file model16.csv (CSV, C-alpha atoms and all ligand atoms)
chain,number,residue,atom,x,y,z
A,1,MET,CA,72.0,-50.8,13.7
A,2,ASN,CA,68.8,-49.3,15.3
A,3,HIS,CA,66.5,-47.7,12.8
A,4,ASP,CA,65.7,-44.0,13.2
A,5,SER,CA,62.0,-43.5,13.5
A,6,ILE,CA,62.1,-40.6,16.0
A,7,TYR,CA,60.1,-38.1,13.9
A,8,THR,CA,57.4,-40.6,13.0
A,9,SER,CA,55.9,-39.2,16.2
A,10,ASP,CA,55.5,-35.5,17.0
A,11,ILE,CA,56.7,-35.5,20.6
A,12,HIS,CA,60.1,-34.1,19.7
A,13,HIS,CA,59.0,-30.7,18.4
A,14,ASN,CA,60.6,-28.6,21.1
A,15,GLY,CA,64.2,-28.5,19.8
A,16,PHE,CA,66.6,-31.2,18.9
A,17,ILE,CA,68.8,-32.5,21.7
A,18,PHE,CA,71.4,-35.3,21.8
A,19,ASP,CA,69.7,-37.5,24.4
A,20,ASP,CA,69.6,-41.2,24.7
A,21,LYS,CA,66.8,-41.6,22.2
A,22,VAL,CA,68.9,-39.9,19.5
A,23,ALA,CA,72.1,-41.6,20.6
A,24,SER,CA,70.4,-45.0,20.3
A,25,VAL,CA,69.6,-44.5,16.6
A,26,PHE,CA,72.4,-42.0,15.7
A,27,ALA,CA,74.5,-44.3,13.4
A,28,ASP,CA,71.4,-44.8,11.2
A,29,MET,CA,70.3,-41.2,11.5
A,30,ILE,CA,73.5,-39.6,10.3
A,31,GLN,CA,74.1,-41.9,7.4
A,32,ARG,CA,70.5,-41.4,6.1
A,33,SER,CA,70.6,-37.7,6.8
A,34,VAL,CA,74.0,-36.5,5.6
A,35,PRO,CA,74.7,-37.1,1.9
A,36,GLY,CA,78.3,-38.2,1.4
A,37,TYR,CA,78.8,-39.0,5.1
A,38,ALA,CA,80.4,-42.5,4.6
A,39,GLN,CA,82.7,-41.1,1.9
A,40,SER,CA,83.8,-38.1,4.0
A,41,LEU,CA,84.8,-40.5,6.7
A,42,GLN,CA,87.0,-42.5,4.3
A,43,MET,CA,88.7,-39.2,3.3
A,44,VAL,CA,89.1,-38.3,7.0
A,45,GLU,CA,91.1,-41.5,7.3
A,46,LEU,CA,93.2,-40.5,4.3
A,47,LEU,CA,93.8,-37.0,5.5
A,48,ALA,CA,94.8,-38.4,8.9
A,49,HIS,CA,97.3,-40.7,7.2
A,50,GLN,CA,98.7,-37.8,5.2
A,51,TYR,CA,98.9,-35.2,8.1
A,52,GLY,CA,99.1,-37.2,11.3
A,53,GLN,CA,102.5,-36.8,13.0
A,54,ASN,CA,104.4,-39.1,15.4
A,55,ASN,CA,104.1,-38.3,19.1
A,56,SER,CA,101.1,-36.0,18.6
A,57,ASN,CA,97.5,-35.8,19.7
A,58,VAL,CA,94.7,-36.2,17.2
A,59,TYR,CA,91.3,-34.9,18.2
A,60,ASP,CA,87.7,-35.7,17.2
A,61,LEU,CA,85.7,-32.8,18.6
A,62,GLY,CA,81.9,-33.7,18.9
A,63,CYS,CA,82.7,-37.3,18.4
A,64,SER,CA,79.1,-38.7,18.9
A,65,LEU,CA,79.5,-42.5,18.5
A,66,GLY,CA,83.2,-42.3,17.5
A,67,ALA,CA,82.9,-42.9,13.7
A,68,ALA,CA,85.5,-40.2,12.9
A,69,SER,CA,87.6,-41.2,15.8
A,70,MET,CA,87.8,-44.7,14.3
A,71,ALA,CA,88.7,-43.2,10.9
A,72,LEU,CA,91.5,-41.2,12.5
A,73,SER,CA,92.7,-44.3,14.3
A,74,ARG,CA,92.9,-46.2,11.1
A,75,GLY,CA,94.6,-43.3,9.3
A,76,CYS,CA,97.2,-43.0,12.0
A,77,SER,CA,97.7,-46.7,12.6
A,78,ASP,CA,101.4,-46.6,11.4
A,79,LYS,CA,102.2,-43.6,13.7
A,80,ASP,CA,102.5,-43.0,17.4
A,81,CYS,CA,99.4,-40.8,17.8
A,82,ASN,CA,97.1,-40.4,20.8
A,83,ILE,CA,93.5,-40.3,19.6
A,84,ILE,CA,91.1,-38.2,21.7
A,85,GLY,CA,87.3,-38.0,21.2
A,86,ILE,CA,85.3,-35.4,23.0
A,87,ASP,CA,81.5,-34.9,23.2
A,88,ASN,CA,79.3,-33.2,25.8
A,89,SER,CA,76.3,-35.5,25.5
A,90,PRO,CA,76.5,-38.1,28.3
A,91,ALA,CA,74.3,-40.4,26.2
A,92,MET,CA,76.6,-40.3,23.2
A,93,VAL,CA,79.7,-40.7,25.3
A,94,LYS,CA,78.3,-43.8,27.1
A,95,ARG,CA,77.4,-45.5,23.9
A,96,CYS,CA,80.7,-44.4,22.2
A,97,LYS,CA,82.8,-45.9,25.0
A,98,ALA,CA,80.8,-49.2,24.7
A,99,ILE,CA,81.4,-49.3,20.9
A,100,LEU,CA,85.1,-48.4,21.2
A,101,GLN,CA,86.0,-50.5,24.2
A,102,ASP,CA,88.7,-52.5,22.4
A,103,GLU,CA,90.2,-49.5,20.7
A,104,SER,CA,93.0,-47.3,22.1
A,105,ILE,CA,90.9,-44.2,21.7
A,106,HIS,CA,90.4,-41.9,24.7
A,107,ILE,CA,86.8,-40.6,25.0
A,108,HIS,CA,85.9,-37.7,27.3
A,109,CYS,CA,82.5,-36.1,28.2
A,110,GLN,CA,83.3,-32.4,28.0
A,111,ASP,CA,82.2,-29.2,26.3
A,112,ILE,CA,84.6,-28.6,23.4
A,113,LEU,CA,84.5,-24.9,24.2
A,114,GLN,CA,86.3,-25.8,27.5
A,115,SER,CA,88.7,-28.4,26.1
A,116,ASN,CA,92.4,-28.1,26.1
A,117,ILE,CA,93.8,-28.7,22.6
A,118,GLU,CA,97.6,-29.2,22.6
A,119,ASN,CA,100.4,-30.9,20.6
A,120,ALA,CA,97.8,-31.7,17.9
A,121,SER,CA,98.6,-32.8,14.3
A,122,VAL,CA,95.0,-33.4,13.2
A,123,VAL,CA,91.8,-32.0,14.6
A,124,VAL,CA,88.3,-33.0,13.3
A,125,LEU,CA,85.1,-31.0,13.6
A,126,ASN,CA,82.7,-33.3,11.7
A,127,PHE,CA,79.3,-31.6,11.6
A,128,VAL,CA,79.7,-30.0,15.0
A,129,LEU,CA,80.6,-26.3,14.5
A,130,GLN,CA,77.0,-25.8,13.2
A,131,PHE,CA,75.7,-26.6,16.7
A,132,ILE,CA,78.0,-24.1,18.4
A,133,ALA,CA,76.7,-20.6,19.1
A,134,GLN,CA,77.9,-18.3,16.3
A,135,ALA,CA,79.5,-15.9,18.8
A,136,ASP,CA,81.7,-18.8,20.1
A,137,ARG,CA,82.8,-20.2,16.7
A,138,LEU,CA,85.9,-17.9,16.1
A,139,ARG,CA,87.2,-18.5,19.7
A,140,LEU,CA,86.9,-22.3,19.2
A,141,LEU,CA,88.8,-22.2,15.9
A,142,GLN,CA,91.5,-19.9,17.5
A,143,THR,CA,91.9,-22.5,20.3
A,144,ILE,CA,92.3,-25.3,17.8
A,145,HIS,CA,94.8,-23.2,15.7
A,146,GLN,CA,96.8,-22.5,18.8
A,147,GLY,CA,96.8,-26.2,19.8
A,148,LEU,CA,98.0,-27.4,16.4
A,149,LYS,CA,101.7,-28.2,15.7
A,150,PRO,CA,103.4,-26.7,12.7
A,151,GLY,CA,102.1,-28.6,9.7
A,152,GLY,CA,98.9,-29.5,11.5
A,153,VAL,CA,95.4,-29.5,10.0
A,154,LEU,CA,91.8,-28.9,10.9
A,155,ILE,CA,89.2,-31.0,9.0
A,156,LEU,CA,85.9,-29.1,9.2
A,157,SER,CA,82.6,-30.6,7.8
A,158,GLU,CA,79.4,-28.6,7.9
A,159,LYS,CA,75.9,-28.3,6.5
A,160,ILE,CA,76.3,-25.1,4.5
A,161,ALA,CA,74.0,-22.2,3.3
A,162,PHE,CA,74.2,-20.5,-0.1
A,163,PRO,CA,74.2,-16.7,-0.5
A,164,ASP,CA,71.8,-16.9,-3.4
A,165,HIS,CA,68.2,-17.5,-2.1
A,166,LEU,CA,67.1,-19.6,-5.1
A,167,GLU,CA,70.3,-21.7,-5.0
A,168,ASN,CA,69.8,-22.2,-1.3
A,169,GLU,CA,66.2,-23.4,-1.8
A,170,ARG,CA,67.4,-25.8,-4.6
A,171,GLN,CA,70.1,-27.3,-2.4
A,172,ILE,CA,67.6,-27.8,0.5
A,173,ALA,CA,65.1,-29.5,-2.0
A,174,LEU,CA,67.9,-31.8,-3.1
A,175,HIS,CA,68.8,-32.7,0.5
A,176,GLU,CA,65.2,-33.5,1.2
A,177,ALA,CA,65.0,-35.6,-1.9
A,178,PHE,CA,68.1,-37.5,-0.6
A,179,LYS,CA,66.3,-38.1,2.7
A,180,ARG,CA,63.2,-39.3,1.0
A,181,ALA,CA,65.4,-41.7,-1.0
A,182,GLN,CA,66.8,-43.0,2.3
A,183,GLY,CA,63.2,-43.8,3.5
A,184,TYR,CA,62.3,-40.8,5.5
A,185,SER,CA,58.7,-39.5,5.0
A,186,GLN,CA,58.0,-35.8,4.2
A,187,LEU,CA,56.3,-35.6,7.6
A,188,GLU,CA,59.5,-36.9,9.4
A,189,ILE,CA,61.6,-34.5,7.3
A,190,SER,CA,59.6,-31.4,8.1
A,191,ARG,CA,59.3,-32.3,11.8
A,192,LYS,CA,63.1,-32.6,12.1
A,193,ARG,CA,63.6,-29.4,10.1
A,194,THR,CA,61.4,-27.6,12.7
A,195,ALA,CA,63.3,-29.3,15.6
A,196,LEU,CA,66.7,-28.2,14.2
A,197,GLU,CA,65.6,-24.6,13.4
A,198,HIS,CA,67.3,-22.7,16.1
A,199,VAL,CA,69.8,-25.5,17.0
A,200,LEU,CA,71.7,-26.1,13.7
A,201,ILE,CA,72.8,-22.8,12.2
A,202,PRO,CA,74.5,-23.2,8.8
A,203,GLU,CA,76.7,-20.6,7.3
A,204,THR,CA,78.1,-20.1,3.8
A,205,SER,CA,81.3,-21.7,2.6
A,206,ASN,CA,82.7,-18.2,2.2
A,207,ALA,CA,81.9,-17.3,5.9
A,208,HIS,CA,83.7,-20.5,7.0
A,209,HIS,CA,86.9,-19.9,4.9
A,210,GLN,CA,87.0,-16.2,6.1
A,211,ARG,CA,86.7,-17.3,9.8
A,212,LEU,CA,89.4,-19.9,9.3
A,213,GLN,CA,91.7,-17.2,8.0
A,214,GLN,CA,90.7,-14.9,10.9
A,215,ALA,CA,91.5,-17.7,13.4
A,216,GLY,CA,95.1,-17.8,12.0
A,217,PHE,CA,95.0,-20.6,9.5
A,218,SER,CA,97.4,-19.9,6.6
A,219,ALA,CA,95.2,-21.6,3.9
A,220,SER,CA,92.0,-23.6,3.6
A,221,HIS,CA,90.1,-25.3,0.8
A,222,THR,CA,86.9,-27.3,0.3
A,223,TRP,CA,87.8,-30.9,-0.6
A,224,PHE,CA,84.3,-32.4,-0.7
A,225,GLN,CA,80.7,-31.2,-1.3
A,226,CYS,CA,77.5,-33.0,-1.8
A,227,PHE,CA,74.5,-30.7,-2.1
A,228,ASN,CA,74.5,-28.5,1.0
A,229,PHE,CA,77.1,-30.6,3.0
A,230,SER,CA,80.7,-29.6,2.7
A,231,SER,CA,84.1,-30.6,4.1
A,232,MET,CA,87.1,-28.2,4.3
A,233,VAL,CA,90.7,-28.6,5.4
A,234,ALA,CA,92.6,-25.8,7.0
A,235,PHE,CA,96.4,-25.6,7.4
A,236,LYS,CA,98.3,-24.1,10.3
B,1,LIG,C1,80.5,-38.0,13.4
B,1,LIG,N1,81.3,-36.0,14.5
B,1,LIG,O1,79.8,-39.1,13.4
B,1,LIG,N2,80.8,-29.8,23.1
B,1,LIG,C2,81.0,-31.1,22.8
B,1,LIG,N3,80.2,-31.8,21.9
B,1,LIG,C3,79.2,-31.1,21.3
B,1,LIG,C4,79.0,-29.7,21.6
B,1,LIG,C5,79.9,-29.1,22.6
B,1,LIG,N4,79.7,-27.8,22.9
B,1,LIG,N5,77.9,-29.3,20.9
B,1,LIG,C6,77.5,-30.4,20.2
B,1,LIG,N6,78.3,-31.4,20.5
B,1,LIG,C7,80.2,-37.0,14.5
B,1,LIG,C8,78.9,-36.4,14.3
B,1,LIG,S1,76.9,-34.8,15.5
B,1,LIG,C9,76.4,-34.2,14.0
B,1,LIG,C10,78.6,-35.2,15.1
B,1,LIG,C11,74.9,-34.2,13.8
B,1,LIG,C12,78.1,-32.8,19.9
B,1,LIG,C13,76.7,-33.4,20.1
B,1,LIG,O2,76.5,-33.9,21.4
B,1,LIG,C14,76.7,-34.5,19.0
B,1,LIG,O3,77.2,-35.7,19.4
B,1,LIG,C15,77.7,-33.9,17.9
B,1,LIG,O4,78.3,-32.7,18.5
B,1,LIG,C16,77.1,-33.5,16.6
B,1,LIG,O5,81.3,-37.8,12.5
B,1,LIG,O6,74.2,-34.6,14.7
B,1,LIG,O7,74.5,-33.7,12.7

call {"tool": "encode", "arguments": {"input": "model16.csv", "output": "structure tokens"}}
result
Amino acid sequence: MNHDSIYTSDIHHNGFIFDDKVASVFADMIQRSVPGYAQSLQMVELLAHQYGQNNSNVYDLGCSLGAASMALSRGCSDKDCNIIGIDNSPAMVKRCKAILQDESIHIHCQDILQSNIENASVVVLNFVLQFIAQADRLRLLQTIHQGLKPGGVLILSEKIAFPDHLENERQIALHEAFKRAQGYSQLEISRKRTALEHVLIPETSNAHHQRLQQAGFSASHTWFQCFNFSSMVAFK
């Protein structure tokens, strides 16, 4: 696995983009940046096993290198499901296809805001909605809701904000302590924070659950949280 040292240099200050440089170190970057990432993938597999339906589509929207697509594929291995991964970064898609070449997972380079979601039993948005413009988030969730079969679920993982300022600052400090424990320097951490400032927009857990309800989901709950990273499941 290539080691992420992108922010040891200061040439990436003008906003974070999912280019080849990021794609080449992404597996290392996400596991050292998102507390609980590996465990959340294990549970995506379990949720897919629980809610995947025969003769249905299973989507991984914003699939990056296909880690969640593989978890979905493992979870649905005893069912006749069509696994579809979508990402709009050509660099990610190229590497994802190379990684998944032997798997029967279909990977498409596409904007998820333009994607057709149909006959779905499980849809995953694993740390992706946070990169979608806030004005487009409800429409995307409505499209997903419409594309789900009865009994279908959306698994939504996000970096979250806390309504109380002090609590928010504490959670950010804990996340930064996690990153230091993973070997990132304080300079790398603060450079990346600057690069992500207007690119990754977190919202509160409450805002997510309210929007899921507004999009038509009958219920949703948080099944995992580690500091300011959270995973929810929403039921059609
Ligand atoms: C994982 N889910 O390993 N259309 C398609 N893809 C998009 C869009 C869009 N409009 N916007 C962003 N992306 C993965 C991790 S990373 C999370 C997901 C992170 C893609 C973007 O190209 C990138 O690959 C991914 O969403 C976000 O479980 O970097 O924190």

call {"tool": "closest_residue", "arguments": {"input": "model16.csv", "among": "A:Phe131, A:Tyr184, A:Phe235, A:Phe224", "to": "ligand LIG 1 (chain B)", "atoms": "all atoms listed in the file"}}
result
A:Phe131

call {"tool": "residues_around", "arguments": {"input": "model16.csv", "residues": "Trp223 (chain A)", "least_positions_apart": "3", "cutoff": "12 Å", "atoms": "all atoms listed in the file", "output": "MDAnalysis selection string"}}
result
chainID A and resid 39:40 43:44 47 155:157 205 220 226 229:234

call {"tool": "residues_near_ligand", "arguments": {"input": "model16.csv", "ligand": "ligand LIG 1 (chain B)", "cutoff": "9 Å", "atoms": "all atoms listed in the file", "output": "MDAnalysis selection string"}}
result
chainID A and resid 17:19 22:23 26:27 29:31 33:34 37 40:41 60:69 86:93 109:115 124:133 157:159 200

call {"tool": "write_last_selection", "arguments": {"input": "model16.csv", "atoms": "C-alpha atoms", "output": "mmCIF file, in the coordinates of the input"}}
result
data_model
loop_
_atom_site.group_PDB
_atom_site.id
_atom_site.type_symbol
_atom_site.label_atom_id
_atom_site.label_comp_id
_atom_site.auth_asym_id
_atom_site.auth_seq_id
_atom_site.Cartn_x
_atom_site.Cartn_y
_atom_site.Cartn_z
ATOM 1 C CA ILE A 17 68.800 -32.500 21.700
ATOM 2 C CA PHE A 18 71.400 -35.300 21.800
ATOM 3 C CA ASP A 19 69.700 -37.500 24.400
ATOM 4 C CA VAL A 22 68.900 -39.900 19.500
ATOM 5 C CA ALA A 23 72.100 -41.600 20.600
ATOM 6 C CA PHE A 26 72.400 -42.000 15.700
ATOM 7 C CA ALA A 27 74.500 -44.300 13.400
ATOM 8 C CA MET A 29 70.300 -41.200 11.500
ATOM 9 C CA ILE A 30 73.500 -39.600 10.300
ATOM 10 C CA GLN A 31 74.100 -41.900 7.400
ATOM 11 C CA SER A 33 70.600 -37.700 6.800
ATOM 12 C CA VAL A 34 74.000 -36.500 5.600
ATOM 13 C CA TYR A 37 78.800 -39.000 5.100
ATOM 14 C CA SER A 40 83.800 -38.100 4.000
ATOM 15 C CA LEU A 41 84.800 -40.500 6.700
ATOM 16 C CA ASP A 60 87.700 -35.700 17.200
ATOM 17 C CA LEU A 61 85.700 -32.800 18.600
ATOM 18 C CA GLY A 62 81.900 -33.700 18.900
ATOM 19 C CA CYS A 63 82.700 -37.300 18.400
ATOM 20 C CA SER A 64 79.100 -38.700 18.900
ATOM 21 C CA LEU A 65 79.500 -42.500 18.500
ATOM 22 C CA GLY A 66 83.200 -42.300 17.500
ATOM 23 C CA ALA A 67 82.900 -42.900 13.700
ATOM 24 C CA ALA A 68 85.500 -40.200 12.900
ATOM 25 C CA SER A 69 87.600 -41.200 15.800
ATOM 26 C CA ILE A 86 85.300 -35.400 23.000
ATOM 27 C CA ASP A 87 81.500 -34.900 23.200
ATOM 28 C CA ASN A 88 79.300 -33.200 25.800
ATOM 29 C CA SER A 89 76.300 -35.500 25.500
ATOM 30 C CA PRO A 90 76.500 -38.100 28.300
ATOM 31 C CA ALA A 91 74.300 -40.400 26.200
ATOM 32 C CA MET A 92 76.600 -40.300 23.200
ATOM 33 C CA VAL A 93 79.700 -40.700 25.300
ATOM 34 C CA CYS A 109 82.500 -36.100 28.200
ATOM 35 C CA GLN A 110 83.300 -32.400 28.000
ATOM 36 C CA ASP A 111 82.200 -29.200 26.300
ATOM 37 C CA ILE A 112 84.600 -28.600 23.400
ATOM 38 C CA LEU A 113 84.500 -24.900 24.200
ATOM 39 C CA GLN A 114 86.300 -25.800 27.500
ATOM 40 C CA SER A 115 88.700 -28.400 26.100
ATOM 41 C CA VAL A 124 88.300 -33.000 13.300
ATOM 42 C CA LEU A 125 85.100 -31.000 13.600
ATOM 43 C CA ASN A 126 82.700 -33.300 11.700
ATOM 44 C CA PHE A 127 79.300 -31.600 11.600
ATOM 45 C CA VAL A 128 79.700 -30.000 15.000
ATOM 46 C CA LEU A 129 80.600 -26.300 14.500
ATOM 47 C CA GLN A 130 77.000 -25.800 13.200
ATOM 48 C CA PHE A 131 75.700 -26.600 16.700
ATOM 49 C CA ILE A 132 78.000 -24.100 18.400
ATOM 50 C CA ALA A 133 76.700 -20.600 19.100
ATOM 51 C CA SER A 157 82.600 -30.600 7.800
ATOM 52 C CA GLU A 158 79.400 -28.600 7.900
ATOM 53 C CA LYS A 159 75.900 -28.300 6.500
ATOM 54 C CA LEU A 200 71.700 -26.100 13.700
#

call {"tool": "closest_residue", "arguments": {"input": "model16.csv", "among": "A:Ser190, A:Cys96, A:Asp78, A:Ala135", "to": "Glu176 (chain A)", "atoms": "only C-alpha atoms"}}
result
A:Ser190

call {"tool": "closest_residue", "arguments": {"input": "model16.csv", "among": "A:Lys236, A:Lys94, A:His49, A:Arg32", "to": "Ile144 (chain A)", "atoms": "all atoms listed in the file"}}
result
A:Lys236

call {"tool": "atom_distance", "arguments": {"input": "model16.csv", "atom1": "CA of Arg139 (chain A)", "atom2": "CA of Arg95 (chain A)"}}
result
29.0 Å

call {"tool": "atom_distance", "arguments": {"input": "model16.csv", "atom1": "CA of Gln42 (chain A)", "atom2": "CA of Ser185 (chain A)"}}
result
28.5 Å

call {"tool": "residues_around", "arguments": {"input": "model16.csv", "residues": "region 215-219 of chain A", "least_positions_apart": "6", "cutoff": "12 Å", "atoms": "only C-alpha atoms", "output": "PyMOL selection string"}}
result
chain A and resi 136-155+208-209+232-236

call {"tool": "write_last_selection", "arguments": {"input": "model16.csv", "atoms": "C-alpha atoms", "output": "PDB file, in the coordinates of the input"}}
result
ATOM      1  CA  ASP A 136      81.700 -18.800  20.100  1.00  0.00           C
ATOM      2  CA  ARG A 137      82.800 -20.200  16.700  1.00  0.00           C
ATOM      3  CA  LEU A 138      85.900 -17.900  16.100  1.00  0.00           C
ATOM      4  CA  ARG A 139      87.200 -18.500  19.700  1.00  0.00           C
ATOM      5  CA  LEU A 140      86.900 -22.300  19.200  1.00  0.00           C
ATOM      6  CA  LEU A 141      88.800 -22.200  15.900  1.00  0.00           C
ATOM      7  CA  GLN A 142      91.500 -19.900  17.500  1.00  0.00           C
ATOM      8  CA  THR A 143      91.900 -22.500  20.300  1.00  0.00           C
ATOM      9  CA  ILE A 144      92.300 -25.300  17.800  1.00  0.00           C
ATOM     10  CA  HIS A 145      94.800 -23.200  15.700  1.00  0.00           C
ATOM     11  CA  GLN A 146      96.800 -22.500  18.800  1.00  0.00           C
ATOM     12  CA  GLY A 147      96.800 -26.200  19.800  1.00  0.00           C
ATOM     13  CA  LEU A 148      98.000 -27.400  16.400  1.00  0.00           C
ATOM     14  CA  LYS A 149     101.700 -28.200  15.700  1.00  0.00           C
ATOM     15  CA  PRO A 150     103.400 -26.700  12.700  1.00  0.00           C
ATOM     16  CA  GLY A 151     102.100 -28.600   9.700  1.00  0.00           C
ATOM     17  CA  GLY A 152      98.900 -29.500  11.500  1.00  0.00           C
ATOM     18  CA  VAL A 153      95.400 -29.500  10.000  1.00  0.00           C
ATOM     19  CA  LEU A 154      91.800 -28.900  10.900  1.00  0.00           C
ATOM     20  CA  ILE A 155      89.200 -31.000   9.000  1.00  0.00           C
ATOM     21  CA  HIS A 208      83.700 -20.500   7.000  1.00  0.00           C
ATOM     22  CA  HIS A 209      86.900 -19.900   4.900  1.00  0.00           C
ATOM     23  CA  MET A 232      87.100 -28.200   4.300  1.00  0.00           C
ATOM     24  CA  VAL A 233      90.700 -28.600   5.400  1.00  0.00           C
ATOM     25  CA  ALA A 234      92.600 -25.800   7.000  1.00  0.00           C
ATOM     26  CA  PHE A 235      96.400 -25.600   7.400  1.00  0.00           C
ATOM     27  CA  LYS A 236      98.300 -24.100  10.300  1.00  0.00           C
TER      28      LYS A 236
END

call {"tool": "atom_distance", "arguments": {"input": "model16.csv", "atom1": "CA of Phe162 (chain A)", "atom2": "CA of Thr204 (chain A)"}}
result
5.5 Å

call {"tool": "closest_residue", "arguments": {"input": "model16.csv", "among": "A:Lys192, A:Gln210, A:Ala161, A:Pro35", "to": "Ala177 (chain A)", "atoms": "only C-alpha atoms"}}
result
A:Pro35

call {"tool": "closest_residue", "arguments": {"input": "model16.csv", "among": "A:Gln171, A:Asn55, A:Ala48, A:Gly85", "to": "Ala71 (chain A)", "atoms": "all atoms listed in the file"}}
result
A:Ala48

call {"tool": "residues_around", "arguments": {"input": "model16.csv", "residues": "Ser77 (chain A)", "least_positions_apart": "6", "cutoff": "12 Å", "atoms": "only C-alpha atoms", "output": "NGL selection string"}}
result
:A and (45-46 or 48-50 or 52-54 or 58 or 69-71 or 83 or 103-105)

call {"tool": "closest_residue", "arguments": {"input": "model16.csv", "among": "A:Phe227, A:His106, A:Met1, A:Gly75", "to": "Val122 (chain A)", "atoms": "all atoms listed in the file"}}
result
A:Gly75
